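**Q** One file is attached below, query34.txt, containing compact mmCIF, N, CA, C and O atoms.
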```txt
# COMPACT_ATOMS: atom_id res chain seq x y z
N MET A 1 0.84 -1.18 0.00
CA MET A 1 0.00 0.00 0.00
C MET A 1 0.88 1.24 0.00
O MET A 1 1.90 1.29 0.66
N VAL A 2 0.48 2.22 -0.74
CA VAL A 2 1.20 3.49 -0.81
C VAL A 2 0.63 4.42 0.24
O VAL A 2 -0.56 4.73 0.22
N ASP A 3 1.46 4.85 1.16
CA ASP A 3 0.99 5.73 2.23
C ASP A 3 1.25 7.20 1.92
O ASP A 3 0.58 8.07 2.47
N SER A 4 2.22 7.48 1.08
CA SER A 4 2.55 8.88 0.80
C SER A 4 3.33 8.99 -0.50
O SER A 4 3.72 7.99 -1.09
N VAL A 5 3.56 10.22 -0.91
CA VAL A 5 4.36 10.46 -2.10
C VAL A 5 5.77 9.94 -1.91
O VAL A 5 6.43 9.55 -2.87
N ALA A 6 6.24 9.86 -0.68
CA ALA A 6 7.59 9.34 -0.41
C ALA A 6 7.70 7.88 -0.83
O ALA A 6 8.78 7.43 -1.22
N ASP A 7 6.59 7.12 -0.78
CA ASP A 7 6.62 5.72 -1.19
C ASP A 7 6.84 5.58 -2.69
O ASP A 7 7.27 4.53 -3.15
N VAL A 8 6.48 6.59 -3.46
CA VAL A 8 6.67 6.55 -4.91
C VAL A 8 8.09 6.97 -5.27
O VAL A 8 8.59 6.65 -6.33
N GLN A 9 8.79 7.66 -4.38
CA GLN A 9 10.15 8.12 -4.57
C GLN A 9 10.29 8.89 -5.88
O GLN A 9 10.81 8.38 -6.87
N PRO A 10 9.82 10.14 -5.90
CA PRO A 10 9.81 10.93 -7.14
C PRO A 10 11.12 10.94 -7.90
O PRO A 10 11.14 10.73 -9.10
N HIS A 11 12.23 11.12 -7.21
CA HIS A 11 13.50 11.21 -7.92
C HIS A 11 13.97 9.85 -8.42
O HIS A 11 14.52 9.75 -9.51
N ALA A 12 13.73 8.80 -7.67
CA ALA A 12 14.15 7.46 -8.09
C ALA A 12 13.35 7.00 -9.30
O ALA A 12 13.87 6.30 -10.16
N HIS A 13 12.09 7.40 -9.39
CA HIS A 13 11.25 6.99 -10.52
C HIS A 13 11.26 8.02 -11.64
O HIS A 13 10.66 7.80 -12.68
N GLY A 14 11.89 9.16 -11.43
CA GLY A 14 11.95 10.19 -12.45
C GLY A 14 10.70 11.05 -12.55
O GLY A 14 10.50 11.75 -13.53
N PHE A 15 9.85 11.02 -11.53
CA PHE A 15 8.64 11.84 -11.51
C PHE A 15 8.91 13.16 -10.82
O PHE A 15 9.67 13.21 -9.86
N GLY A 16 8.24 14.20 -11.28
CA GLY A 16 8.21 15.45 -10.54
C GLY A 16 7.30 15.28 -9.34
O GLY A 16 6.59 14.28 -9.21
N PHE A 17 7.30 16.26 -8.47
CA PHE A 17 6.52 16.16 -7.23
C PHE A 17 5.04 15.91 -7.50
O PHE A 17 4.43 15.01 -6.93
N TRP A 18 4.40 16.71 -8.39
CA TRP A 18 2.96 16.59 -8.60
C TRP A 18 2.60 15.30 -9.33
O TRP A 18 1.56 14.69 -9.04
N ASP A 19 3.44 14.84 -10.25
CA ASP A 19 3.19 13.55 -10.90
C ASP A 19 3.30 12.42 -9.88
O ASP A 19 2.51 11.48 -9.89
N ALA A 20 4.27 12.53 -8.98
CA ALA A 20 4.42 11.52 -7.93
C ALA A 20 3.21 11.51 -7.00
O ALA A 20 2.77 10.44 -6.57
N MET A 21 2.66 12.69 -6.71
CA MET A 21 1.44 12.76 -5.89
C MET A 21 0.28 12.06 -6.59
O MET A 21 -0.47 11.31 -5.97
N LEU A 22 0.14 12.29 -7.89
CA LEU A 22 -0.93 11.66 -8.66
C LEU A 22 -0.76 10.15 -8.69
O LEU A 22 -1.72 9.39 -8.48
N VAL A 23 0.46 9.69 -8.93
CA VAL A 23 0.74 8.25 -8.95
C VAL A 23 0.47 7.63 -7.58
O VAL A 23 -0.15 6.57 -7.48
N ALA A 24 0.90 8.29 -6.51
CA ALA A 24 0.69 7.77 -5.16
C ALA A 24 -0.80 7.66 -4.85
O ALA A 24 -1.27 6.66 -4.30
N ALA A 25 -1.57 8.70 -5.21
CA ALA A 25 -3.01 8.68 -4.95
C ALA A 25 -3.70 7.58 -5.76
O ALA A 25 -4.57 6.87 -5.24
N ALA A 26 -3.30 7.43 -7.01
CA ALA A 26 -3.90 6.40 -7.87
C ALA A 26 -3.58 5.01 -7.34
O ALA A 26 -4.45 4.14 -7.28
N ARG A 27 -2.34 4.78 -6.94
CA ARG A 27 -1.96 3.47 -6.39
C ARG A 27 -2.70 3.19 -5.09
O ARG A 27 -3.14 2.06 -4.85
N ALA A 28 -2.85 4.19 -4.24
CA ALA A 28 -3.55 4.01 -2.97
C ALA A 28 -5.02 3.66 -3.20
O ALA A 28 -5.63 2.95 -2.41
N ALA A 29 -5.58 4.15 -4.32
CA ALA A 29 -6.97 3.87 -4.66
C ALA A 29 -7.13 2.54 -5.40
O ALA A 29 -8.24 2.15 -5.74
N GLY A 30 -6.03 1.87 -5.68
CA GLY A 30 -6.10 0.57 -6.35
C GLY A 30 -6.21 0.66 -7.87
O GLY A 30 -6.58 -0.31 -8.53
N VAL A 31 -5.85 1.80 -8.44
CA VAL A 31 -5.90 1.99 -9.89
C VAL A 31 -4.87 1.09 -10.55
O VAL A 31 -3.73 0.99 -10.09
N THR A 32 -5.27 0.40 -11.62
CA THR A 32 -4.34 -0.45 -12.36
C THR A 32 -3.93 0.14 -13.70
O THR A 32 -2.93 -0.27 -14.28
N ARG A 33 -4.72 1.09 -14.21
CA ARG A 33 -4.39 1.80 -15.46
C ARG A 33 -4.59 3.29 -15.22
O ARG A 33 -5.68 3.71 -14.85
N LEU A 34 -3.55 4.07 -15.45
CA LEU A 34 -3.63 5.52 -15.31
C LEU A 34 -3.44 6.12 -16.70
O LEU A 34 -2.41 5.94 -17.33
N LEU A 35 -4.48 6.81 -17.17
CA LEU A 35 -4.41 7.45 -18.49
C LEU A 35 -3.76 8.81 -18.35
O LEU A 35 -4.24 9.65 -17.59
N THR A 36 -2.68 9.01 -19.08
CA THR A 36 -1.92 10.26 -18.99
C THR A 36 -1.19 10.49 -20.30
O THR A 36 -0.66 9.56 -20.90
N GLU A 37 -1.17 11.74 -20.74
CA GLU A 37 -0.39 12.07 -21.93
C GLU A 37 0.98 12.61 -21.54
O GLU A 37 1.83 12.79 -22.39
N ASP A 38 1.19 12.86 -20.25
CA ASP A 38 2.43 13.50 -19.80
C ASP A 38 3.49 12.54 -19.29
O ASP A 38 4.65 12.90 -19.22
N MET A 39 3.11 11.34 -18.91
CA MET A 39 4.08 10.38 -18.38
C MET A 39 4.35 9.32 -19.44
O MET A 39 3.62 9.17 -20.41
N GLN A 40 5.41 8.55 -19.25
CA GLN A 40 5.88 7.59 -20.24
C GLN A 40 4.86 6.47 -20.48
O GLN A 40 4.52 5.72 -19.57
N ASP A 41 4.39 6.35 -21.72
CA ASP A 41 3.41 5.33 -22.10
C ASP A 41 3.99 3.93 -21.91
O ASP A 41 5.13 3.66 -22.29
N GLY A 42 3.20 3.06 -21.29
CA GLY A 42 3.62 1.67 -21.09
C GLY A 42 4.42 1.43 -19.83
O GLY A 42 4.69 0.29 -19.48
N ARG A 43 4.81 2.48 -19.16
CA ARG A 43 5.60 2.33 -17.94
C ARG A 43 4.76 1.72 -16.82
O ARG A 43 3.57 1.98 -16.72
N ARG A 44 5.36 0.91 -16.00
CA ARG A 44 4.69 0.31 -14.85
C ARG A 44 5.26 0.88 -13.56
O ARG A 44 6.46 1.05 -13.43
N VAL A 45 4.36 1.16 -12.64
CA VAL A 45 4.73 1.57 -11.29
C VAL A 45 3.98 0.62 -10.38
O VAL A 45 2.77 0.73 -10.22
N GLY A 46 4.68 -0.35 -9.85
CA GLY A 46 4.01 -1.41 -9.10
C GLY A 46 3.08 -2.16 -10.04
O GLY A 46 3.47 -2.55 -11.13
N ALA A 47 1.82 -2.33 -9.64
CA ALA A 47 0.84 -3.04 -10.47
C ALA A 47 0.12 -2.10 -11.44
O ALA A 47 -0.71 -2.54 -12.22
N MET A 48 0.45 -0.81 -11.40
CA MET A 48 -0.25 0.17 -12.25
C MET A 48 0.54 0.43 -13.52
O MET A 48 1.75 0.55 -13.51
N ARG A 49 -0.21 0.52 -14.62
CA ARG A 49 0.40 0.80 -15.93
C ARG A 49 -0.03 2.20 -16.38
O ARG A 49 -1.20 2.56 -16.30
N LEU A 50 0.94 2.99 -16.85
CA LEU A 50 0.68 4.32 -17.39
C LEU A 50 0.40 4.19 -18.88
O LEU A 50 1.16 3.54 -19.59
N GLU A 51 -0.70 4.78 -19.35
CA GLU A 51 -1.07 4.67 -20.76
C GLU A 51 -1.46 6.03 -21.33
O GLU A 51 -2.17 6.79 -20.69
N ASN A 52 -1.00 6.28 -22.55
CA ASN A 52 -1.33 7.52 -23.25
C ASN A 52 -2.59 7.29 -24.08
O ASN A 52 -2.56 6.54 -25.05
N PRO A 53 -3.70 7.96 -23.74
CA PRO A 53 -4.96 7.75 -24.47
C PRO A 53 -4.95 8.37 -25.86
O PRO A 53 -5.84 8.12 -26.65
N PHE A 54 -3.93 9.17 -26.18
CA PHE A 54 -3.84 9.81 -27.49
C PHE A 54 -2.93 9.05 -28.45
O PHE A 54 -2.74 9.46 -29.59
N LYS A 55 -2.36 7.95 -28.00
CA LYS A 55 -1.52 7.12 -28.85
C LYS A 55 -2.39 6.48 -29.93
O LYS A 55 -3.53 6.09 -29.67
N ALA A 56 -1.86 6.36 -31.12
CA ALA A 56 -2.63 5.88 -32.28
C ALA A 56 -3.29 4.53 -32.04
O ALA A 56 -4.43 4.30 -32.45
N ASP A 57 -2.61 3.60 -31.39
CA ASP A 57 -3.15 2.24 -31.21
C ASP A 57 -3.79 2.03 -29.83
O ASP A 57 -4.00 0.90 -29.41
N PHE A 58 -4.13 3.11 -29.14
CA PHE A 58 -4.73 3.00 -27.80
C PHE A 58 -6.13 2.36 -27.89
O PHE A 58 -6.92 2.68 -28.74
N ALA A 59 -6.38 1.44 -26.99
CA ALA A 59 -7.70 0.80 -26.88
C ALA A 59 -8.15 0.89 -25.43
O ALA A 59 -7.44 0.44 -24.54
N LEU A 60 -9.31 1.48 -25.20
CA LEU A 60 -9.80 1.64 -23.84
C LEU A 60 -10.13 0.28 -23.21
O LEU A 60 -9.97 0.09 -22.02
N GLY A 61 -10.57 -0.65 -24.01
CA GLY A 61 -10.82 -2.00 -23.52
C GLY A 61 -12.07 -2.17 -22.70
O GLY A 61 -12.10 -2.94 -21.75
N LEU A 62 -13.12 -1.44 -23.05
CA LEU A 62 -14.39 -1.56 -22.32
C LEU A 62 -15.37 -2.50 -23.02
O LEU A 62 -16.52 -2.57 -22.62
N ASP A 63 -14.91 -3.20 -24.02
CA ASP A 63 -15.80 -4.08 -24.80
C ASP A 63 -16.39 -5.16 -23.94
O ASP A 63 -15.86 -5.79 -23.17
```
As structure tokens, how would this structure be written, given the file I've shared?

**A**
Amino acid sequence: MVDSVADVQPHAHGFGFWDAMLVAAARAAGVTRLLTEDMQDGRRVGAMRLENPFKADFALGLD
């Protein structure tokens, strides 16, 4: 479980402070897919995958 932004380690993961806050909050909420155009597409942080919804081959997967 992620208790704080410190658990995401912004500098170790290459995130800025606010991106690390967003990632920490999403992980604490149990999010497995985070849609973002600003972070690296396909990157994994724990069990969560970062995905760019504007990528040409993006599929939301709600079928």

**Q** In Å, rounded to a single decimal, give me how far CA of Gly16 in chain A is from CA of Val45 in chain A.

**A**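 A separation of 14.3 Å between them.
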
**Q** Counting only N, CA, C and O atoms, figure out which residue out of A:Met21, A:Ala28, A:Arg43, A:Glu37 gets nearest to Lys55 in chain A.

**A**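 Ranking A:Met21, A:Ala28, A:Arg43, A:Glu37 by distance to Lys55 in chain A, first place goes to A:Glu37.
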
**Q** Please, what distance in Å, to one decimal, runs between CA of Asp38 in chain A and CA of Phe54 in chain A?

**A**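 Between CA of Asp38 in chain A and CA of Phe54 in chain A the gap is 10.6 Å.
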
**Q** What is the CA of Gln40 in chain A to CA of Asp57 in chain A distance in Å?

**A**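 Pair CA of Gln40 in chain A / CA of Asp57 in chain A returns 15.2 Å.
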
**Q** Which residue gives the smallest distance to Gly46 in chain A among A:Gly14, A:Asp19, A:Leu62, A:Arg33, with only C-alpha atoms counted?

**A**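 Closest residue, counting only C-alpha atoms: A:Arg33.
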
**Q** Enclose all atoms of range 37-54 of chain A listed in the file in an axis-aligned box, grow every side by 5 Å, and hand back centre and edge lengths in Å to one decimal, as lines of an AutoDock Vina configuration file.

**A**
```
center_x = 0.3
center_y = 5.2
center_z = -19.3
size_x = 22.3
size_y = 26.5
size_z = 30.5
```
